[in-house]
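Student: One file: data10.tsv (TSV, C-alpha atoms).
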chain	number	residue	atom	x	y	z
R	145	MET	CA	22.86	24.83	16.25
R	146	THR	CA	22.40	21.56	14.40
R	147	ILE	CA	19.46	19.15	14.63
R	148	GLU	CA	19.61	15.46	13.78
R	149	LEU	CA	16.87	14.24	11.44
R	150	LEU	CA	15.91	10.77	12.69
R	151	VAL	CA	13.65	8.01	11.38
R	152	PRO	CA	10.33	8.55	13.21
R	153	ALA	CA	8.13	5.86	14.76
R	154	LEU	CA	6.69	3.92	11.82
R	155	GLY	CA	3.65	2.32	13.41
R	156	GLU	CA	2.65	-0.95	14.98
R	157	SER	CA	5.19	-3.76	14.39
R	158	VAL	CA	7.08	-1.74	11.75
R	159	VAL	CA	10.73	-1.25	12.71
R	160	GLU	CA	12.50	-0.60	9.39
R	161	ALA	CA	12.04	1.51	6.26
R	162	THR	CA	13.81	2.23	2.99
R	163	VAL	CA	14.93	5.72	1.99
R	164	ALA	CA	12.87	6.17	-1.17
R	165	LYS	CA	13.66	9.74	-2.20
R	166	TRP	CA	15.36	12.87	-0.93
R	167	MET	CA	13.35	15.93	-1.92
R	168	LYS	CA	16.19	18.25	-0.91
R	169	SER	CA	19.95	18.18	-1.49
R	170	SER	CA	22.79	19.02	0.88
R	171	GLY	CA	23.06	22.79	1.19
R	172	ASP	CA	19.42	23.48	0.31
R	173	THR	CA	17.42	25.84	2.51
R	174	ILE	CA	14.34	24.30	4.10
R	175	ASN	CA	11.32	25.50	6.04
R	176	ALA	CA	9.92	24.07	9.24
R	177	ASP	CA	7.46	21.21	8.57
R	178	GLU	CA	8.53	21.02	4.92
R	179	PRO	CA	8.84	17.39	3.72
R	180	ILE	CA	12.47	16.68	2.86
R	181	VAL	CA	12.76	12.89	2.62
R	182	GLU	CA	10.38	10.08	1.70
R	183	LEU	CA	10.51	6.71	3.45
R	184	GLU	CA	8.92	3.51	2.19
R	185	THR	CA	7.75	0.98	4.78
R	186	GLU	CA	6.11	-2.40	4.38
R	187	LYS	CA	2.70	-0.76	4.56
R	188	VAL	CA	2.88	2.77	3.20
R	189	THR	CA	5.12	5.58	1.96
R	190	LEU	CA	5.50	8.52	4.32
R	191	GLU	CA	7.21	11.90	4.19
R	192	VAL	CA	9.52	13.11	6.97
R	193	PRO	CA	9.27	16.87	7.55
R	194	SER	CA	12.00	19.18	8.82
R	195	PRO	CA	11.57	20.06	12.52
R	196	ILE	CA	13.09	23.54	11.98
R	197	SER	CA	13.81	26.13	9.31
R	198	GLY	CA	17.40	26.22	8.15
R	199	VAL	CA	19.76	24.33	5.88
R	200	LEU	CA	20.08	20.62	5.10
R	201	LYS	CA	23.72	20.40	6.11
R	202	GLU	CA	24.36	16.71	5.49
R	203	ILE	CA	22.61	13.65	4.07
R	204	VAL	CA	23.65	10.54	5.99
R	205	ALA	CA	21.26	7.85	4.70
R	206	ASN	CA	21.24	7.64	0.90
R	207	GLU	CA	18.35	6.61	-1.34
R	208	GLY	CA	17.92	2.84	-1.27
R	209	ASP	CA	19.37	2.43	2.22
R	210	ASN	CA	17.41	0.47	4.82
R	211	VAL	CA	17.08	2.38	8.08
R	212	GLU	CA	15.64	1.44	11.45
R	213	VAL	CA	13.45	3.57	13.71
R	214	GLY	CA	15.65	6.21	15.37
R	215	ALA	CA	18.42	5.96	12.76
R	216	LEU	CA	20.11	9.14	11.53
R	217	LEU	CA	18.85	10.36	8.16
R	218	GLY	CA	20.62	13.72	7.96
R	219	VAL	CA	21.75	16.82	9.80
R	220	ILE	CA	19.96	20.19	9.71
R	221	SER	CA	21.48	23.52	10.69
R	222	ASP	CA	19.39	26.49	11.78
R	223	SER	CA	22.03	28.86	10.41
R	224	LEU	CA	21.71	30.18	6.86
R	225	ASN	CA	25.50	30.63	6.91
R	226	ASP	CA	25.70	26.95	6.06
R	227	VAL	CA	24.18	27.57	2.63
R	228	GLN	CA	26.73	26.69	-0.05
R	229	PRO	CA	27.91	29.90	-1.78
R	230	PRO	CA	27.10	30.19	-5.47
R	231	ASN	CA	29.82	28.73	-7.66
R	232	ASN	CA	30.68	30.89	-10.65
R	233	SER	CA	32.98	28.31	-12.16
R	234	ASN	CA	30.34	25.64	-12.75
R	235	GLN	CA	30.92	25.75	-16.50
R	236	GLU	CA	34.64	25.23	-16.06
R	237	LYS	CA	34.04	22.34	-13.67
R	238	LYS	CA	31.66	20.69	-16.12
R	239	LEU	CA	34.30	20.87	-18.82
R	240	GLU	CA	36.84	19.33	-16.44
R	241	GLU	CA	34.41	16.56	-15.47
R	242	ASN	CA	33.69	15.77	-19.11
R	243	SER	CA	37.39	15.39	-19.79
R	244	SER	CA	38.03	13.32	-16.63
R	245	ASN	CA	38.93	9.69	-17.08
R	246	THR	CA	36.93	6.78	-15.68
R	247	HIS	CA	39.32	6.33	-12.78
R	248	THR	CA	38.66	9.87	-11.49
R	249	ASN	CA	34.88	9.40	-11.67
R	250	THR	CA	35.20	6.12	-9.83
R	251	GLU	CA	37.14	7.76	-7.00
R	252	LYS	CA	34.48	10.47	-6.71
R	253	LYS	CA	31.68	7.92	-6.47
R	254	ASN	CA	33.69	5.84	-4.01
R	255	SER	CA	34.14	8.79	-1.68
R	256	HIS	CA	30.38	9.28	-1.49
R	257	LEU	CA	29.44	5.67	-0.76
R	258	SER	CA	27.17	5.23	2.23
R	259	PRO	CA	28.47	3.09	5.12
R	260	ALA	CA	26.17	0.23	4.09
R	261	VAL	CA	27.41	0.28	0.48
R	262	LYS	CA	31.05	0.59	1.55
R	263	ARG	CA	30.66	-2.48	3.74
R	264	ILE	CA	29.22	-4.56	0.87
R	265	VAL	CA	31.90	-3.32	-1.56
R	266	THR	CA	34.76	-3.99	0.88
R	267	GLU	CA	33.59	-7.37	2.19
R	268	ASN	CA	32.91	-8.72	-1.29
R	269	ASP	CA	35.83	-7.07	-3.12
R	270	LEU	CA	33.54	-5.29	-5.58
R	271	ASN	CA	34.71	-2.60	-8.00
R	272	PRO	CA	32.38	0.44	-7.64
R	273	ALA	CA	33.15	1.36	-11.26
R	274	GLU	CA	31.34	-1.80	-12.35
R	275	ILE	CA	28.22	-1.08	-10.28
R	276	ILE	CA	25.40	0.64	-12.16
R	277	PRO	CA	24.15	3.49	-9.91
R	278	SER	CA	20.45	4.32	-9.53
R	279	GLY	CA	20.59	6.84	-6.69
R	280	LYS	CA	20.25	10.59	-6.87
R	281	ASP	CA	23.15	12.39	-8.60
R	282	GLY	CA	24.53	9.05	-9.80
R	283	LEU	CA	25.23	7.68	-6.33
R	284	ILE	CA	25.37	3.94	-5.72
R	285	THR	CA	22.63	2.63	-3.44
R	286	LYS	CA	22.69	-0.47	-1.26
R	287	GLY	CA	20.29	-2.10	-3.72
R	288	ASP	CA	22.71	-1.43	-6.60
R	289	ALA	CA	25.53	-3.12	-4.70
R	290	LEU	CA	23.37	-6.12	-3.78
R	291	ASN	CA	22.22	-6.48	-7.41
R	292	LYS	CA	25.84	-6.51	-8.54
R	293	LEU	CA	26.67	-9.08	-5.88
R	294	SER	CA	23.80	-11.36	-6.89
R	295	ASN	CA	24.72	-11.07	-10.59
R	296	GLN	CA	28.24	-12.29	-9.82
R	297	ASP	CA	26.76	-15.67	-9.00
R	298	LEU	CA	25.27	-15.96	-12.51
R	299	PRO	CA	27.14	-17.53	-15.44
R	300	THR	CA	29.02	-14.98	-17.53
R	301	GLN	CA	26.77	-15.61	-20.54
R	302	LEU	CA	23.66	-14.77	-18.53
R	303	GLN	CA	25.27	-11.66	-17.04
R	304	SER	CA	26.26	-10.27	-20.42
R	305	HIS	CA	22.86	-11.10	-21.90
R	306	ASP	CA	21.14	-9.36	-18.98
R	307	ASN	CA	23.29	-6.27	-19.41
R	308	ARG	CA	22.86	-5.87	-23.13
R	309	ASP	CA	19.20	-6.86	-23.74
R	310	PRO	CA	17.39	-3.53	-24.34
R	311	GLN	CA	13.98	-5.23	-24.09
R	312	GLU	CA	14.36	-6.08	-20.41
R	313	GLU	CA	14.50	-3.94	-17.32
R	314	ARG	CA	15.42	-5.17	-13.86
R	315	VAL	CA	13.74	-3.18	-11.07
R	316	PRO	CA	14.00	-4.09	-7.37
R	317	MET	CA	10.66	-4.87	-5.71
R	318	SER	CA	9.45	-2.12	-3.42
R	319	ARG	CA	9.21	-2.91	0.29
R	320	LEU	CA	5.39	-2.68	0.09
R	321	ARG	CA	5.24	-5.08	-2.87
R	322	LYS	CA	7.50	-7.60	-1.10
R	323	VAL	CA	5.36	-7.53	2.04
R	324	VAL	CA	2.12	-7.89	0.06
R	325	ALA	CA	3.58	-10.89	-1.75
R	326	LYS	CA	4.74	-12.45	1.51
R	327	ARG	CA	1.40	-11.95	3.28
R	328	LEU	CA	-0.67	-13.30	0.39
R	329	LYS	CA	1.50	-16.41	0.16
R	330	GLU	CA	1.35	-16.76	3.94
R	331	ALA	CA	-2.46	-16.74	3.75
R	332	GLN	CA	-2.42	-19.56	1.21
R	333	ASN	CA	0.05	-21.61	3.25
R	334	THR	CA	-1.62	-21.10	6.64
R	335	ALA	CA	-5.39	-20.86	6.24
R	336	ALA	CA	-7.67	-23.60	4.95
R	337	MET	CA	-9.01	-21.15	2.38
R	338	LEU	CA	-12.15	-21.82	0.37
R	339	THR	CA	-14.36	-19.55	-1.74
R	340	THR	CA	-18.12	-19.65	-2.19
R	341	PHE	CA	-19.95	-17.71	-4.90
R	342	ASN	CA	-23.37	-16.17	-5.45
R	343	GLU	CA	-24.95	-13.49	-7.59
R	344	VAL	CA	-26.97	-10.48	-6.55
R	345	ASP	CA	-29.60	-8.51	-8.42
R	346	MET	CA	-28.53	-4.86	-8.12
R	347	SER	CA	-31.87	-3.44	-9.33
R	348	SER	CA	-33.09	-2.29	-5.91
R	349	VAL	CA	-29.93	-0.52	-4.75
R	350	MET	CA	-29.42	1.04	-8.18
R	351	SER	CA	-33.00	2.35	-8.11
R	352	LEU	CA	-32.52	3.60	-4.55
R	353	ARG	CA	-29.27	5.33	-5.48
R	354	SER	CA	-30.75	6.88	-8.60
R	355	GLU	CA	-33.71	8.27	-6.65
R	356	TYR	CA	-31.83	9.71	-3.69
R	357	LYS	CA	-28.25	10.37	-4.84
R	358	ASP	CA	-28.79	14.11	-5.41
R	359	ASP	CA	-30.52	14.64	-2.06
R	360	PHE	CA	-27.88	12.49	-0.34
R	361	GLU	CA	-25.02	14.49	-1.81
R	362	LYS	CA	-26.71	17.79	-1.03
R	363	GLU	CA	-27.32	16.79	2.58
R	364	HIS	CA	-24.05	15.01	3.38
R	365	LYS	CA	-21.62	16.57	0.86
R	366	ILE	CA	-20.54	13.13	-0.36
R	367	ARG	CA	-21.54	10.91	-3.27
R	368	LEU	CA	-23.75	7.91	-2.59
R	369	GLY	CA	-21.89	4.82	-3.80
R	370	PHE	CA	-22.39	1.07	-3.69
R	371	MET	CA	-19.42	0.30	-1.44
R	372	GLY	CA	-21.04	1.97	1.57
R	373	MET	CA	-24.13	-0.20	1.13
R	374	PHE	CA	-22.02	-3.36	0.95
R	375	VAL	CA	-20.20	-2.28	4.12
R	376	LYS	CA	-23.55	-1.85	5.90
R	377	ALA	CA	-24.77	-5.21	4.55
R	378	SER	CA	-21.55	-6.91	5.68
R	379	ILE	CA	-21.88	-5.48	9.19
R	380	ALA	CA	-25.41	-6.88	9.44
R	381	ALA	CA	-24.21	-10.29	8.18
R	382	LEU	CA	-21.24	-10.29	10.59
R	383	LYS	CA	-23.65	-9.72	13.47
R	384	THR	CA	-25.56	-12.85	12.45
R	385	TYR	CA	-22.42	-14.94	11.78
R	386	PRO	CA	-19.75	-13.76	14.30
R	387	ALA	CA	-17.25	-16.48	13.31
R	388	VAL	CA	-16.60	-14.55	10.09
R	389	ASN	CA	-15.45	-11.61	12.23
R	390	ALA	CA	-13.16	-13.79	14.36
R	391	GLU	CA	-9.55	-14.89	14.06
R	392	ILE	CA	-7.37	-17.78	15.21
R	393	ASN	CA	-4.74	-16.98	17.83
R	394	GLY	CA	-2.75	-20.06	18.78
R	395	ASP	CA	-5.28	-22.61	20.00
R	396	ASP	CA	-7.94	-19.97	20.65
R	397	ILE	CA	-10.61	-18.33	18.52
R	398	VAL	CA	-10.88	-14.60	19.22
R	399	TYR	CA	-14.35	-13.19	18.54
R	400	LYS	CA	-14.45	-9.44	17.87
R	401	ASN	CA	-17.42	-7.47	19.19
R	402	TYR	CA	-16.67	-4.64	16.80
R	403	ASN	CA	-16.41	-4.29	13.03
R	404	ASN	CA	-13.23	-2.80	11.63
R	405	ILE	CA	-13.92	-3.03	7.91
R	406	GLY	CA	-10.98	-2.88	5.50
R	407	VAL	CA	-11.60	-1.60	1.99
R	408	ALA	CA	-8.90	-2.67	-0.47
R	409	VAL	CA	-7.41	0.14	-2.57
R	410	GLY	CA	-5.05	-0.22	-5.51
R	411	THR	CA	-2.28	2.40	-5.46
R	412	PRO	CA	0.79	3.04	-7.66
R	413	GLN	CA	2.88	1.50	-4.86
R	414	GLY	CA	0.72	-1.62	-4.50
R	415	LEU	CA	-2.37	-2.87	-2.71
R	416	VAL	CA	-3.23	-1.29	0.64
R	417	VAL	CA	-6.27	-1.81	2.86
R	418	PRO	CA	-7.38	1.26	4.86
R	419	VAL	CA	-9.57	0.25	7.79
R	420	ILE	CA	-12.84	1.91	8.86
R	421	LYS	CA	-12.69	1.53	12.63
R	422	ASN	CA	-15.90	0.66	14.53
R	423	ALA	CA	-17.92	0.86	11.34
R	424	GLN	CA	-20.94	-0.58	13.17
R	425	ASN	CA	-21.35	2.81	14.87
R	426	LEU	CA	-21.27	4.87	11.66
R	427	SER	CA	-24.07	6.03	9.41
R	428	LEU	CA	-24.04	5.36	5.68
R	429	SER	CA	-22.86	8.91	4.98
R	430	GLU	CA	-20.03	8.61	7.53
R	431	ILE	CA	-18.91	5.33	5.97
R	432	GLU	CA	-18.94	6.86	2.47
R	433	LYS	CA	-16.89	9.82	3.72
R	434	SER	CA	-14.35	7.49	5.35
R	435	ILE	CA	-14.05	5.37	2.19
R	436	ASN	CA	-13.52	8.44	0.00
R	437	ASP	CA	-11.07	10.15	2.36
R	438	MET	CA	-8.87	7.17	3.17
R	439	GLY	CA	-8.96	5.86	-0.39
R	440	GLN	CA	-7.69	9.16	-1.77
R	441	ARG	CA	-4.99	9.54	0.88
R	442	ALA	CA	-3.88	5.96	0.29
R	443	LYS	CA	-3.40	6.69	-3.42
R	444	ASP	CA	-1.45	9.85	-2.52
R	445	GLY	CA	0.74	7.92	-0.09
R	446	LYS	CA	-0.48	10.00	2.86
R	447	ILE	CA	-2.46	7.39	4.77
R	448	GLY	CA	-1.54	6.95	8.45
R	449	MET	CA	0.02	3.71	9.68
R	450	ASP	CA	-2.70	3.22	12.31
R	451	GLU	CA	-5.33	3.44	9.57
R	452	LEU	CA	-3.94	0.34	7.87
R	453	SER	CA	-4.02	-2.00	10.87
R	454	GLY	CA	-6.60	-3.66	13.08
R	455	GLY	CA	-9.05	-4.82	10.40
R	456	THR	CA	-11.47	-7.66	11.19
R	457	PHE	CA	-13.04	-8.12	7.74
R	458	THR	CA	-12.13	-6.93	4.24
R	459	ILE	CA	-14.06	-5.97	1.11
R	460	SER	CA	-12.38	-5.87	-2.30
R	461	ASN	CA	-14.03	-4.48	-5.42
R	462	GLY	CA	-12.43	-5.88	-8.56
R	463	GLY	CA	-15.41	-4.61	-10.53
R	464	VAL	CA	-13.90	-1.13	-10.76
R	465	PHE	CA	-11.24	-2.69	-13.03
R	466	GLY	CA	-13.77	-4.71	-15.03
R	467	SER	CA	-13.43	-8.05	-13.23
R	468	LEU	CA	-16.47	-10.28	-13.68
R	469	MET	CA	-15.35	-13.04	-11.28
R	470	SER	CA	-12.39	-13.68	-8.98
R	471	THR	CA	-11.37	-15.52	-5.81
R	472	PRO	CA	-10.09	-12.95	-3.28
R	473	ILE	CA	-7.25	-14.00	-0.96
R	474	LEU	CA	-7.60	-13.61	2.81
R	475	ASN	CA	-5.91	-10.73	4.58
R	476	PRO	CA	-4.28	-12.47	7.63
R	477	PRO	CA	-5.18	-12.83	10.44
R	478	GLN	CA	-8.73	-12.14	9.22
R	479	SER	CA	-10.98	-15.09	8.46
R	480	GLY	CA	-13.12	-13.65	5.67
R	481	ILE	CA	-13.01	-11.36	2.64
R	482	LEU	CA	-15.84	-10.33	0.33
R	483	GLY	CA	-15.17	-9.82	-3.37
R	484	MET	CA	-17.42	-7.49	-5.38
R	485	HIS	CA	-17.36	-7.50	-9.17
R	486	LYS	CA	-18.57	-5.76	-12.30
R	487	ILE	CA	-22.30	-5.05	-12.66
R	488	GLN	CA	-23.45	-6.61	-15.92
R	489	LYS	CA	-26.90	-6.91	-17.43
R	490	ARG	CA	-27.89	-10.55	-17.85
R	491	PRO	CA	-31.09	-12.50	-18.57
R	492	VAL	CA	-32.50	-14.02	-15.36
R	493	ALA	CA	-35.70	-15.89	-14.48
R	494	ILE	CA	-38.11	-13.72	-12.46
R	495	ASN	CA	-41.42	-15.40	-11.59
R	496	ASP	CA	-41.01	-17.78	-14.52
R	497	ASN	CA	-40.35	-14.86	-16.89
R	498	ILE	CA	-37.03	-13.98	-18.48
R	499	GLU	CA	-35.96	-10.44	-17.62
R	500	ILE	CA	-32.79	-8.42	-18.15
R	501	ARG	CA	-31.39	-7.41	-14.77
R	502	PRO	CA	-28.15	-5.71	-13.59
R	503	MET	CA	-26.36	-8.60	-11.89
R	504	MET	CA	-23.15	-8.83	-9.87
R	505	TYR	CA	-21.22	-11.95	-8.95
R	506	LEU	CA	-20.12	-12.05	-5.29
R	507	ALA	CA	-17.26	-14.15	-3.94
R	508	PHE	CA	-16.63	-14.88	-0.29
R	509	SER	CA	-13.29	-16.43	0.66
R	510	TYR	CA	-13.06	-17.80	4.19
R	511	ASP	CA	-10.86	-19.78	6.57
R	512	HIS	CA	-12.47	-23.20	6.80
R	513	ARG	CA	-10.65	-23.85	10.09
R	514	ILE	CA	-13.20	-21.74	11.99
R	515	ILE	CA	-15.97	-21.08	9.44
R	516	ASP	CA	-18.07	-24.02	8.30
R	517	GLY	CA	-19.38	-24.25	4.76
R	518	ARG	CA	-22.95	-23.75	5.95
R	519	GLU	CA	-21.99	-20.54	7.75
R	520	ALA	CA	-20.04	-19.25	4.74
R	521	VAL	CA	-22.88	-19.85	2.29
R	522	SER	CA	-25.45	-18.39	4.71
R	523	PHE	CA	-23.27	-15.32	5.30
R	524	LEU	CA	-23.10	-14.60	1.58
R	525	VAL	CA	-26.84	-15.23	1.14
R	526	LYS	CA	-27.50	-12.74	3.97
R	527	ILE	CA	-25.55	-10.04	2.09
R	528	LYS	CA	-27.39	-10.92	-1.11
R	529	GLU	CA	-30.79	-10.59	0.61
R	530	ILE	CA	-29.95	-7.18	2.08
R	531	ILE	CA	-28.62	-5.76	-1.20
R	532	GLU	CA	-31.64	-7.04	-3.10
R	533	ASP	CA	-33.97	-5.53	-0.49
R	534	PRO	CA	-32.23	-2.65	1.37
R	535	ARG	CA	-35.31	-2.14	3.56
R	536	ARG	CA	-33.94	-5.02	5.63
R	537	LEU	CA	-31.27	-2.69	6.99
R	538	ILE	CA	-33.90	-0.36	8.40
R	539	LEU	CA	-35.91	-3.21	9.87
R	540	ASP	CA	-32.76	-5.04	11.09
R	541	ILE	CA	-33.82	-8.35	9.54
Go ahead and express the file in the form of structure tokens.
Tutor:
Amino acid sequence: MTIELLVPALGESVVEATVAKWMKSSGDTINADEPIVELETEKVTLEVPSPISGVLKEIVANEGDNVEVGALLGVISDSLNDVQPPNNSNQEKKLEENSSNTHTNTEKKNSHLSPAVKRIVTENDLNPAEIIPSGKDGLITKGDALNKLSNQDLPTQLQSHDNRDPQEERVPMSRLRKVVAKRLKEAQNTAAMLTTFNEVDMSSVMSLRSEYKDDFEKEHKIRLGFMGMFVKASIAALKTYPAVNAEINGDDIVYKNYNNIGVAVGTPQGLVVPVIKNAQNLSLSEIEKSINDMGQRAKDGKIGMDELSGGTFTISNGGVFGSLMSTPILNPPQSGILGMHKIQKRPVAINDNIEIRPMMYLAFSYDHRIIDGREAVSFLVKIKEIIEDPRRLILDI
């Protein structure tokens, strides 16, 4: 019996993915639920497991191919008889391959072209021998063919320079990186985006954390960080200024009576924003656990699609990379984003005396179409007041 391995549902509004990597080759034995192929979507990278134990009989979609939901990735057989028998003449074959001419190698590559690559090669009269392969086992991917096609439009001098310059490397943008770039530019083009700044004295929360971090970790089995406190402070400020938690939909303003807080995470694949759903109902320890869990899974590429959507407000912490000041860009369709930064000791005036305090610059970018300047400044001041005096959270003031 054979089973078709299909592209699974990819999440809300995501209909296409790119085959990033096959973890198994044709003829390999596989176990049920073992990941065998990795897909890259516009939001996250996910692994597709085998539904049964058996043999990967055929790979249909090659690395680099774009595939839609429900498309055929490969064929799996539940019979171990489909395992390729060991070949005792590998050494002889290698010698033959080494002595083969370029024409023979070209024919071999041509016979293994995916349907998408064959179509590009045929329609544009390309020579596969001139296409530099980047796929597994030297196979030509769709991206390789498109790169060759785009290079044909360049002057010959530029093409030869591009091919021979050892100090340059041309790498196609990942699907996630392209979508991030598109969405950030879309935010700049659509929203009337402004940023207001303030600074916060971190003395109180640092003292609070220092005093209770051991007891907190012992009780809740999670470290007490600053991000959880800023999430709690943001929720309190959003309650006071609901326009910051709203979004524009056509000619309407949609006010959200819940707080889905996104926390930006930098990953090797690009920026992702896991969302803490209904954060207004969570305790500080539950928020810290959610931040730690989703942040780690995002970096590992194992975050769920539903965990990256539905945010109403975002917090980004450039301070972990050493940023002292920045202007965060909105995450559409949200209307506000808070930027945290590096904590740095600076001289400040306290009751007419100069003292050295741990200070942090805060930046709040907002959509001026629905948030007035007075609201934006007051929102940021509210967060500042809570962080400088965390007792306000307990007293709800």
Student: Ranking R:Phe523, R:Asp269, R:Arg327, R:Val349 by minimum distance to R:Lys383 and counting all atoms listed in the file, which one comes first?
Tutor: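 With all atoms listed in the file as the atom set, the closest residue is R:Phe523.
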Student: If we count only C-alpha atoms and set the cut-off at 8 Å, which residues sit around R:Val409, ignoring sequence neighbours fewer than 5 positions away in its own chain? Please answer as JSON, numbers by chain.
Tutor: {"R": [415, 416, 417, 418, 439, 442, 443, 460]}
Student: Around (-30.6, -8.6, 2.0) in the file's own coordinates, what residues are found within 12 Å if you use only C-alpha atoms, given back as a ChimeraX atom specification?
Tutor: /R:344-346,348-349,373-374,376-381,522-541
Student: Around the point (-17.9, 3.4, 12.1) in the file's coordinates, collect all residues with an atom within 12 Å, using all atoms listed in the file, and return them as a ChimeraX atom specification.
Tutor: /R:372,375-376,379,402-406,419-435
Student: Write out as a PyMOL selection string each polymer residue whose atoms come within 6 Å of stretch 467-469 of chain R, counting all atoms listed in the file; drop sequence neighbours fewer than 5 positions from it.
Tutor: chain R and resi 462+485-486
Student: Hey, which of R:Leu149, R:Leu270, R:Leu154, R:Ile459 ends up closest to R:Val181? Count all atoms listed in the file.
Tutor: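 When distances to R:Val181 are compared using all atoms listed in the file, the smallest one comes from R:Leu149.
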Student: Using only C-alpha atoms, which of R:Met145, R:Ile366, R:Val211, R:Leu352 sits nearest R:Asn436?
Tutor: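 Closest residue, counting only C-alpha atoms: R:Ile366.
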